[in-house]
Amino acid sequence: MADRNTFRLMLLILGVIFAFLYIPISVLVGLSFNEGGLPTAWTGFSVKWYGALLQNSDILQAAGNTLFVAIFSTILSTILGSLLAVGVELRRRNGKWLETIIFAPMIIPDIVLAIALLSFFSLLGARMGLHTIVVSHVVFNLAFVCAVVRARLRNFDWSIVEASTDLGASTFTTLIRVILPVLMPAILAGALLAFTLSVDEFIIAFFTAGAGRSSITLPMQIYAMIRFGVTPEINALATVVMGVSVIALALSQRLNRGGLPGQ
Amino acid sequence: MTNDRRPLILMSPALLWLFGLMVVPCLLILALAFFRRGLYGGIEYTWTLENIALVFDPLYFKIFMKSAGIAGLAAGIASVLGYAAAYAIASMPRRHQPMLLFFAVLPFWSNYLVRTYAWIVLLNREGLIVNLARWFGFEGEMPKLLYTESAVVIGLVYNYLPFVILSCYAPLSRLNPEIAEASRDLGASGWKTFRRITLPMTVPGIATGFVFVFVLSIGNFVTPALLGGGQFQMIGNLVYAQFLTANDWPFGAALSMVLILVMLGLLMLQAVVTERASGGKKQIDG
Amino acid sequence: MTRPLLSLQNVKKCFGTIAAVDGVTLDIHENEFFALLGASGSGKTTLLRMLAGFEDLTAGDILLEGTSIANIPPNRRPVNLMFQTYALFPHMTVAQNIAYGLEMDKLPKAQIKTHVDEILQVIQLAHLAKRKPDQLSGGQRQRVALARALVKRPKVLLLDEPLGALDKKLRGEMQLELKRLQHEFGITFIVVTHDQEEALVMADRVAIMQDGALLQVGTPHEIYEFPETRFAADFIGVMNFLPVKVSRGAAHTSNGTRIATDKPLDLPDGSAAVAAIRPERLHVGIQSDNMLTGEITAIAYHGLDLLLHIMTPLADTPIISRMTADVADHHNPAVGQQITVGWSARDTHIFPA
């Protein structure tokens with residue numbers, strides 16, 4: 001019947017869209033293993049461009065900076081975001097303002113937040129560097145962690161909190177011994193998500209890094225490499241960065257089935 | 001009631017953080033937009049409406065309209081493709097859907113710059129598409145692909161498509177299949193059912209996706225810079241320039257204020273669309 | 001004999017290797033109120049969806065007025081379905097919902113309006129014509145769904161658990177309302193339900209479905225009083241079962257008492273069987289064809305009548321006897337009492353165990 005043709009059409013649409021989504025990045029990954037490094041011809045399989053990455057001190061320094069920023073902003077935002085989520089869900093009757101403030105970091109255009117923070121830091125006369133990037137990344141990261149943890153809290157049985165109190169535990173003990181273990185998968189998923197976002201974030205880092213090479217992160221390095229002379233190394237670097245994101249995201253998804261914001 | 005204070009204690013560190021590092025800086029931008037630019041790039045603390053007026057200066061207003069045009073085109077294309085993809089995913093067997101959705105969204109979480117760069121590799125003068133065309137025997141002058149408006153639009157669509165898929169899939173998957181069946185049962189063809197039932201009921205997903213892509217595109221400076229090759233400016237590039245090269249922060253602030261206003265306006269519009277499609281809710285059970 | 005309106009001929013539907021509907025043959029007549037009764041998973045909803053055109057047939061054929069409709073898509077069948085979830089279009093008003101099917105028939109606007117207004121009067125929802133479905137109560141939604149299907153005046157109206165979402169009191173009212181509408185419109189109704197009371201009250205004929213096949217088809221009276229299988233006997237109403245053994249061409253209880261029945265007993269000697277008796281056929285204090293003594297273990301009060309649970313040595317579970325209020329006043333039964341009940345050979349059914 002007609003249904004079969006519809007189904008075929010749907011498969012065709014999926015095929016085209018997935019091709020559109022995956023061919024560009026696949027080409028990139030493929031090229032990173034191309035001996036010659038140029039898209040014009042395949043000259044043989046090689047990992048030499050990955051080797052070149054390890055020789056490039058600029059890239060290594062940028063990678064170190066990125067790791068620093070990602071780790072610290074992840075730790076901070078995971079703590080703040082999780083506490084926020086528990087507080088918000090515990091309180092329940094939350095005004096529109098509160099919800100807007102918690103939601104805003106996820107939808108505000110990066111460039112707006114970036115220039116706002118830049119103006120703010122320079123007005124304060126703060127010296128900018130990796131620390132200002134960390135502090136800025138926490139702003140949007142904590143919102144994402146909060147969203148993931150809140151999703152888990154929606155089907156959380158609050159009576160176990162009352163049971164814990166009833167059995168004599170203090171609020172703090174209840175938080176550590178009861179709420180935290182139950183939320184752990186969601187918190188870890190949120191942390192991994194924050195880590196990915198931080199590793200990949202470019203615009204805010206770009207504006208809040210201050211001058212000088214010392215606080216350049218990987219995305220900033222990639223941006224510079226793309227704008228001022230493309231070298232074959234960039235394919236390898238792009239593949240590595242993409243791999244890190246994909247692994248972190250897959251882990252996050254595994255820990256917290258279907259709990260990504262928007263899903 | 002000591003109990004009531006616990007949530008506030010838990011929330012306060014994060015709320016203080018958001019207040020100090022998001023609300024205050026954004027208010028600062030708002031204030032900045034009304035200050036005068038200093039002679040050598042600094043800020044003179046006297047009130048003025050010049051910056052706001054400058055946004056509507058024909059020169060800048062043209063850039064604004066151009067950005068809106070490109071963002072609108074990108075959002076439109078992404079909405080059509082995203083809806084089609086979401087519809088296709090939603091019509092696959094239930095057990096495969098989470099997997100398909102995961103892979104549709106996966107690229108979205110990889111680095112934005114890397115995804116944009118991939119299109120440079122494809123569209124380059126010596127890039128893959130040109131090479132493929134030659135390989136298939138295409139002779140003569142290839143049209144310029146990279147550093148064009150089309151390249152910027154493609155890049156924006158590519159980067160934001162997964163989000164549209166996600167936002168369209170949500171209402172599609174929540175649709176009770178019996179509703180479409182009821183339409184068929186009452187005599188509507190498959191196409192009529194889609195146009196009169198499925199599409200109107202899932203339009204909020206498209207609206208969300210469209211607004212998202214539009215807002216992120218109009219304020220984007222990376223894609224125009226990389227795929228447009230600085231051939232033309234969009235609002236994002238203009239803001240970027242005011243802050244990092246021209247040193248006219250008040251004007252940059254005014255420009256981003258307009259961006260925020262556009263975003264807020266669109267979000268409100270989207271809320272209205274959602275309200276309409278859900279049928280106005282609650283008059284009887286109060 | 002007149003030609004049946006709808007004729008199902010060995011209809012079969014397989015999902016993979018599982019046969020959801022396994023060879024159903026059935027005739028349904030013009031103007032009939034027909035009920036498909038079965039537990040969930042019995043295949044009744046699949047059969048209904050095949051009639052509506054949402055499932056294709058693995059084998060067999062469906063004839064409407066003598067012509068096959070098996071390959072006609074749902075939107076071209078003169079058959080309409082009222083969905084279990086009602087499936088009202090949430091973005092359209094009540095009037096728009098009802099008009100939808102008429103618009104698909106390309107009726108002139110004025111005529112559509114007349115039809116919609118008419119049916120809104122019939123279902124008494126004219127004052128809510130401009131409301132959206134989520135501003136209606138459950139009962140109102142149910143009536144809109146009914147009107148939407150009915151307004152097209154289909155040859156056959158299919159109803160999938162039409163009263164399932166309503167509360168008990170409303171269900172009782174709607175059972176009669178559905179019967180009235182069916183009569184008024186003169187349309188053949190086929191109702192799918194798992195509620196035996198609903199089927200017996202509303203339908204002219206009932207088909208009991210089990211494992212994709214029809215177990216028994218008949219009027220409510222036939223189905224209730226003359227069950228053909230132990231399953232049908234158990235499924236409809238309350239039934240007492242006494243284990244018996246067949247010997248010398250008659251059924252005997254475990255203590256050797258012969259059970260009198262007027263039904264032919266074609267089971268071989270030595271086979272195990274059950275004797276089945278309805279609770280309301282057990283009488284106290286009257287000499288009958290069959291007699292049974294036991295101890296009252298519980299009394300359930302139901303207002304109009306009492307249900308006595310009587311433990312006998314003949315079965316592991318108590319026998320249930322229904323006693324009307326006036327009889328109970330006379331006998332004053334109490335828990336712990338010994339009681340003797342009797343029943344007639346006419347009311348005894350024997351089924352293989």
# chains A, B, ... in the order shown; residues from 1 in each chain; ligands from 1
call {"tool": "select_by_dssp", "arguments": {"residues": "segment 170-266 of chain C", "states": "strand (DSSP E or B)", "output": "number ranges by chain"}}
result
C: 188-193, 205-210, 213-218, 240-247, 250-252, 258-259
call {"tool": "residues_around", "arguments": {"residues": "Tyr147 of chain B", "least_positions_apart": "5", "cutoff": "7 Å", "atoms": "only C-alpha atoms", "output": "ChimeraX atom specification"}}
result
/B:227-229,231
call {"tool": "closest_residue", "arguments": {"among": "B:Ala68, B:Ala86, B:Met201, B:Ile52", "to": "chain C", "atoms": "only C-alpha atoms"}}
result
B:Met201
call {"tool": "closest_residue", "arguments": {"among": "B:Thr223, B:Gly127, B:Phe251, B:Met268", "to": "Leu31 of chain A", "atoms": "only C-alpha atoms"}}
result
B:Gly127
call {"tool": "closest_atom_pairs", "arguments": {"of": "chain C", "to": "chain A", "cutoff": "12 Å", "atoms": "only C-alpha atoms", "output": "Markdown table"}}
result
| residue | atom | partner | partner_atom | distance |
| --- | --- | --- | --- | --- |
| C:Gly53 | CA | A:Met1 | CA | 11.3 |
| C:Phe54 | CA | A:Asp3 | CA | 10.5 |
| C:Glu55 | CA | A:Met1 | CA | 10.7 |
| C:Asp56 | CA | A:Met1 | CA | 8.8 |
| C:Leu57 | CA | A:Met1 | CA | 11.5 |
| C:Ala70 | CA | A:Met1 | CA | 11.4 |
| C:Asn71 | CA | A:Met1 | CA | 8.4 |
| C:Ile72 | CA | A:Met1 | CA | 9.7 |
| C:Pro73 | CA | A:Met1 | CA | 8.5 |
| C:Pro74 | CA | A:Met1 | CA | 11.5 |
call {"tool": "write_last_selection", "arguments": {"atoms": "all heavy atoms", "output": "mmCIF file, in the first residue's frame"}}
result
data_model
loop_
_atom_site.group_PDB
_atom_site.id
_atom_site.type_symbol
_atom_site.label_atom_id
_atom_site.label_comp_id
_atom_site.auth_asym_id
_atom_site.auth_seq_id
_atom_site.Cartn_x
_atom_site.Cartn_y
_atom_site.Cartn_z
ATOM 1 N N GLY C 53 -9.665 0.027 8.278
ATOM 2 C CA GLY C 53 -8.688 0.146 7.197
ATOM 3 C C GLY C 53 -7.294 0.481 7.663
ATOM 4 O O GLY C 53 -6.431 0.796 6.849
ATOM 5 N N PHE C 54 -7.025 0.435 8.972
ATOM 6 C CA PHE C 54 -5.701 0.781 9.470
ATOM 7 C C PHE C 54 -4.754 -0.407 9.553
ATOM 8 O O PHE C 54 -3.574 -0.244 9.783
ATOM 9 C CB PHE C 54 -5.805 1.472 10.830
ATOM 10 C CG PHE C 54 -6.440 2.822 10.740
ATOM 11 C CD1 PHE C 54 -7.657 3.075 11.340
ATOM 12 C CD2 PHE C 54 -5.834 3.827 10.001
ATOM 13 C CE1 PHE C 54 -8.251 4.315 11.226
ATOM 14 C CE2 PHE C 54 -6.422 5.069 9.884
ATOM 15 C CZ PHE C 54 -7.630 5.312 10.497
ATOM 16 N N GLU C 55 -5.283 -1.599 9.412
ATOM 17 C CA GLU C 55 -4.426 -2.780 9.338
ATOM 18 C C GLU C 55 -4.826 -3.527 8.075
ATOM 19 O O GLU C 55 -6.017 -3.702 7.804
ATOM 20 C CB GLU C 55 -4.645 -3.702 10.552
ATOM 21 C CG GLU C 55 -4.516 -3.039 11.904
ATOM 22 C CD GLU C 55 -3.078 -2.737 12.291
ATOM 23 O OE1 GLU C 55 -2.158 -3.160 11.556
ATOM 24 O OE2 GLU C 55 -2.883 -2.056 13.310
ATOM 25 N N ASP C 56 -3.824 -3.948 7.308
ATOM 26 C CA ASP C 56 -4.186 -4.730 6.128
ATOM 27 C C ASP C 56 -4.369 -6.198 6.501
ATOM 28 O O ASP C 56 -3.920 -6.655 7.551
ATOM 29 C CB ASP C 56 -3.198 -4.552 4.976
ATOM 30 C CG ASP C 56 -1.769 -4.641 5.450
ATOM 31 O OD1 ASP C 56 -1.592 -4.924 6.648
ATOM 32 O OD2 ASP C 56 -0.855 -4.453 4.654
ATOM 33 N N LEU C 57 -5.039 -6.934 5.634
ATOM 34 C CA LEU C 57 -5.370 -8.316 5.943
ATOM 35 C C LEU C 57 -4.234 -9.233 5.518
ATOM 36 O O LEU C 57 -3.678 -9.072 4.434
ATOM 37 C CB LEU C 57 -6.648 -8.737 5.198
ATOM 38 C CG LEU C 57 -7.991 -8.315 5.794
ATOM 39 C CD1 LEU C 57 -8.188 -6.820 5.651
ATOM 40 C CD2 LEU C 57 -9.123 -9.068 5.134
ATOM 41 N N ALA C 70 -11.326 -4.648 1.273
ATOM 42 C CA ALA C 70 -10.045 -4.981 1.894
ATOM 43 C C ALA C 70 -8.916 -4.084 1.401
ATOM 44 O O ALA C 70 -7.982 -3.792 2.141
ATOM 45 C CB ALA C 70 -9.714 -6.442 1.643
ATOM 46 N N ASN C 71 -8.981 -3.648 0.148
ATOM 47 C CA ASN C 71 -7.871 -2.848 -0.376
ATOM 48 C C ASN C 71 -8.199 -1.368 -0.493
ATOM 49 O O ASN C 71 -7.466 -0.611 -1.118
ATOM 50 C CB ASN C 71 -7.436 -3.389 -1.737
ATOM 51 C CG ASN C 71 -6.725 -4.721 -1.579
ATOM 52 O OD1 ASN C 71 -5.914 -4.883 -0.667
ATOM 53 N ND2 ASN C 71 -7.064 -5.681 -2.422
ATOM 54 N N ILE C 72 -9.290 -0.956 0.120
ATOM 55 C CA ILE C 72 -9.651 0.460 0.080
ATOM 56 C C ILE C 72 -9.033 1.153 1.293
ATOM 57 O O ILE C 72 -9.179 0.676 2.415
ATOM 58 C CB ILE C 72 -11.189 0.617 0.082
ATOM 59 C CG1 ILE C 72 -11.745 -0.002 -1.202
ATOM 60 C CG2 ILE C 72 -11.591 2.074 0.199
ATOM 61 C CD1 ILE C 72 -13.236 0.073 -1.327
ATOM 62 N N PRO C 73 -8.286 2.254 1.062
ATOM 63 C CA PRO C 73 -7.659 2.944 2.200
ATOM 64 C C PRO C 73 -8.705 3.537 3.135
ATOM 65 O O PRO C 73 -9.854 3.779 2.724
ATOM 66 C CB PRO C 73 -6.823 4.042 1.536
ATOM 67 C CG PRO C 73 -7.395 4.221 0.182
ATOM 68 C CD PRO C 73 -7.965 2.900 -0.218
ATOM 69 N N PRO C 74 -8.332 3.771 4.396
ATOM 70 C CA PRO C 74 -9.303 4.191 5.408
ATOM 71 C C PRO C 74 -10.074 5.451 5.025
ATOM 72 O O PRO C 74 -11.246 5.590 5.378
ATOM 73 C CB PRO C 74 -8.451 4.436 6.663
ATOM 74 C CG PRO C 74 -7.041 4.384 6.228
ATOM 75 C CD PRO C 74 -6.994 3.604 4.975
#
call {"tool": "closest_atom_pairs", "arguments": {"of": "chain C", "to": "chain B", "cutoff": "9 Å", "atoms": "only C-alpha atoms", "output": "CSV"}}
result
residue,atom,partner,partner_atom,distance
C:Ala52,CA,B:Asp185,CA,7.1
C:Gly53,CA,B:Asp185,CA,8.1
C:Phe54,CA,B:Glu181,CA,7.7
C:Pro73,CA,B:Arg184,CA,8.6
C:Pro74,CA,B:Asp185,CA,5.3
C:Asn75,CA,B:Gly187,CA,3.8
C:Arg76,CA,B:Gly187,CA,6.0
C:Arg77,CA,B:Asp185,CA,7.8
C:Pro78,CA,B:Gly187,CA,8.9
C:Val79,CA,B:Asp185,CA,7.7
C:Asn80,CA,B:Asp185,CA,5.9
C:Leu81,CA,B:Asp185,CA,6.6
C:Met82,CA,B:Ala182,CA,7.9
C:Phe83,CA,B:Glu178,CA,7.1
C:Gln84,CA,B:Glu178,CA,8.7
C:Thr85,CA,B:Glu178,CA,7.6
C:Tyr86,CA,B:Glu178,CA,8.2
C:Ala87,CA,B:Ile179,CA,4.6
C:Leu88,CA,B:Ile179,CA,6.6
C:Phe89,CA,B:Ile179,CA,6.6
C:Pro90,CA,B:Gly279,CA,6.2
C:His91,CA,B:Gly279,CA,5.1
C:Met92,CA,B:Gly279,CA,7.5
C:Thr93,CA,B:Gly279,CA,8.5
C:Tyr100,CA,B:Leu186,CA,7.3
C:Gly101,CA,B:Leu186,CA,4.6
C:Leu102,CA,B:Leu186,CA,8.0
C:Glu103,CA,B:Gly187,CA,8.8
C:Met104,CA,B:Gly187,CA,5.4
C:Asp105,CA,B:Gly187,CA,6.9
C:Lys132,CA,B:Gly279,CA,6.2
C:Pro133,CA,B:Gly279,CA,8.1
C:Asp134,CA,B:Lys281,CA,6.5
C:Gln135,CA,B:Ile284,CA,5.5
C:Leu136,CA,B:Ile284,CA,7.0
C:Ser137,CA,B:Ile284,CA,8.3
C:Arg148,CA,B:Leu186,CA,8.3
C:Ala149,CA,B:Leu186,CA,7.1
C:Lys152,CA,B:Leu186,CA,7.9
call {"tool": "closest_atom_pairs", "arguments": {"of": "chain B", "to": "chain A", "cutoff": "6 Å", "atoms": "only C-alpha atoms", "output": "tab-separated table"}}
result
residue	atom	partner	partner_atom	distance
B:Pro7	CA	A:Gly87	CA	4.0
B:Leu10	CA	A:Gly87	CA	5.1
B:Met11	CA	A:Leu84	CA	4.3
B:Ala14	CA	A:Leu80	CA	5.0
B:Pro25	CA	A:Ala116	CA	4.8
B:Cys26	CA	A:Ala116	CA	5.4
B:Ile29	CA	A:Ala116	CA	5.7
B:Ala85	CA	A:Leu14	CA	5.9
B:Ala88	CA	A:Met10	CA	4.8
B:Ser110	CA	A:Met242	CA	5.3
B:Asn111	CA	A:Asp200	CA	5.1
B:Val114	CA	A:Ala238	CA	5.7
B:Ala118	CA	A:Pro24	CA	5.4
call {"tool": "residues_around", "arguments": {"residues": "Tyr60 of chain B", "least_positions_apart": "4", "cutoff": "10 Å", "atoms": "only C-alpha atoms", "output": "PyMOL selection string"}}
result
chain B and resi 54-56+64-66+233-235+238+255
call {"tool": "residues_around", "arguments": {"residues": "Pro171 of chain B", "least_positions_apart": "5", "cutoff": "9 Å", "atoms": "only C-alpha atoms", "output": "list in words"}}
result
Met201, Thr202, Val203, Pro204 and Gly205 of chain B
call {"tool": "residues_around", "arguments": {"residues": "Glu177 of chain C", "least_positions_apart": "6", "cutoff": "12 Å", "atoms": "only C-alpha atoms", "output": "list in words"}}
result
Val122, Ile123, Gln124, Gly139, Gln142, Arg143, Leu146, Pro162, Leu163, Leu170, Arg171, His183, Glu184, Val201 and Met202 of chain C
call {"tool": "residues_around", "arguments": {"residues": "Gly256 of chain C", "least_positions_apart": "6", "cutoff": "10 Å", "atoms": "only C-alpha atoms", "output": "VMD selection string"}}
result
chain C and resid 244 to 245 247 314
call {"tool": "write_last_selection", "arguments": {"atoms": "N, CA and C atoms", "output": "PDB file, in the first residue's frame"}}
result
ATOM      1  N   VAL C 244     -16.347 -32.645  38.376  1.00  0.00           N
ATOM      2  CA  VAL C 244     -17.117 -33.898  38.312  1.00  0.00           C
ATOM      3  C   VAL C 244     -16.360 -34.912  37.454  1.00  0.00           C
ATOM      4  N   LYS C 245     -16.770 -36.120  37.513  1.00  0.00           N
ATOM      5  CA  LYS C 245     -16.205 -37.178  36.685  1.00  0.00           C
ATOM      6  C   LYS C 245     -17.346 -37.843  35.933  1.00  0.00           C
ATOM      7  N   SER C 247     -19.117 -40.969  34.488  1.00  0.00           N
ATOM      8  CA  SER C 247     -19.160 -42.436  34.491  1.00  0.00           C
ATOM      9  C   SER C 247     -20.593 -42.890  34.200  1.00  0.00           C
ATOM     10  N   LEU C 314     -17.158 -30.686  48.083  1.00  0.00           N
ATOM     11  CA  LEU C 314     -17.079 -31.072  46.678  1.00  0.00           C
ATOM     12  C   LEU C 314     -16.122 -30.221  45.863  1.00  0.00           C
TER      13      LEU C 314
END
call {"tool": "residues_around", "arguments": {"residues": "Ser7 of chain C", "least_positions_apart": "2", "cutoff": "12 Å", "atoms": "only C-alpha atoms", "output": "VMD selection string"}}
result
chain C and resid 3 to 5 9 to 11 24 to 30 51 60 to 70 156
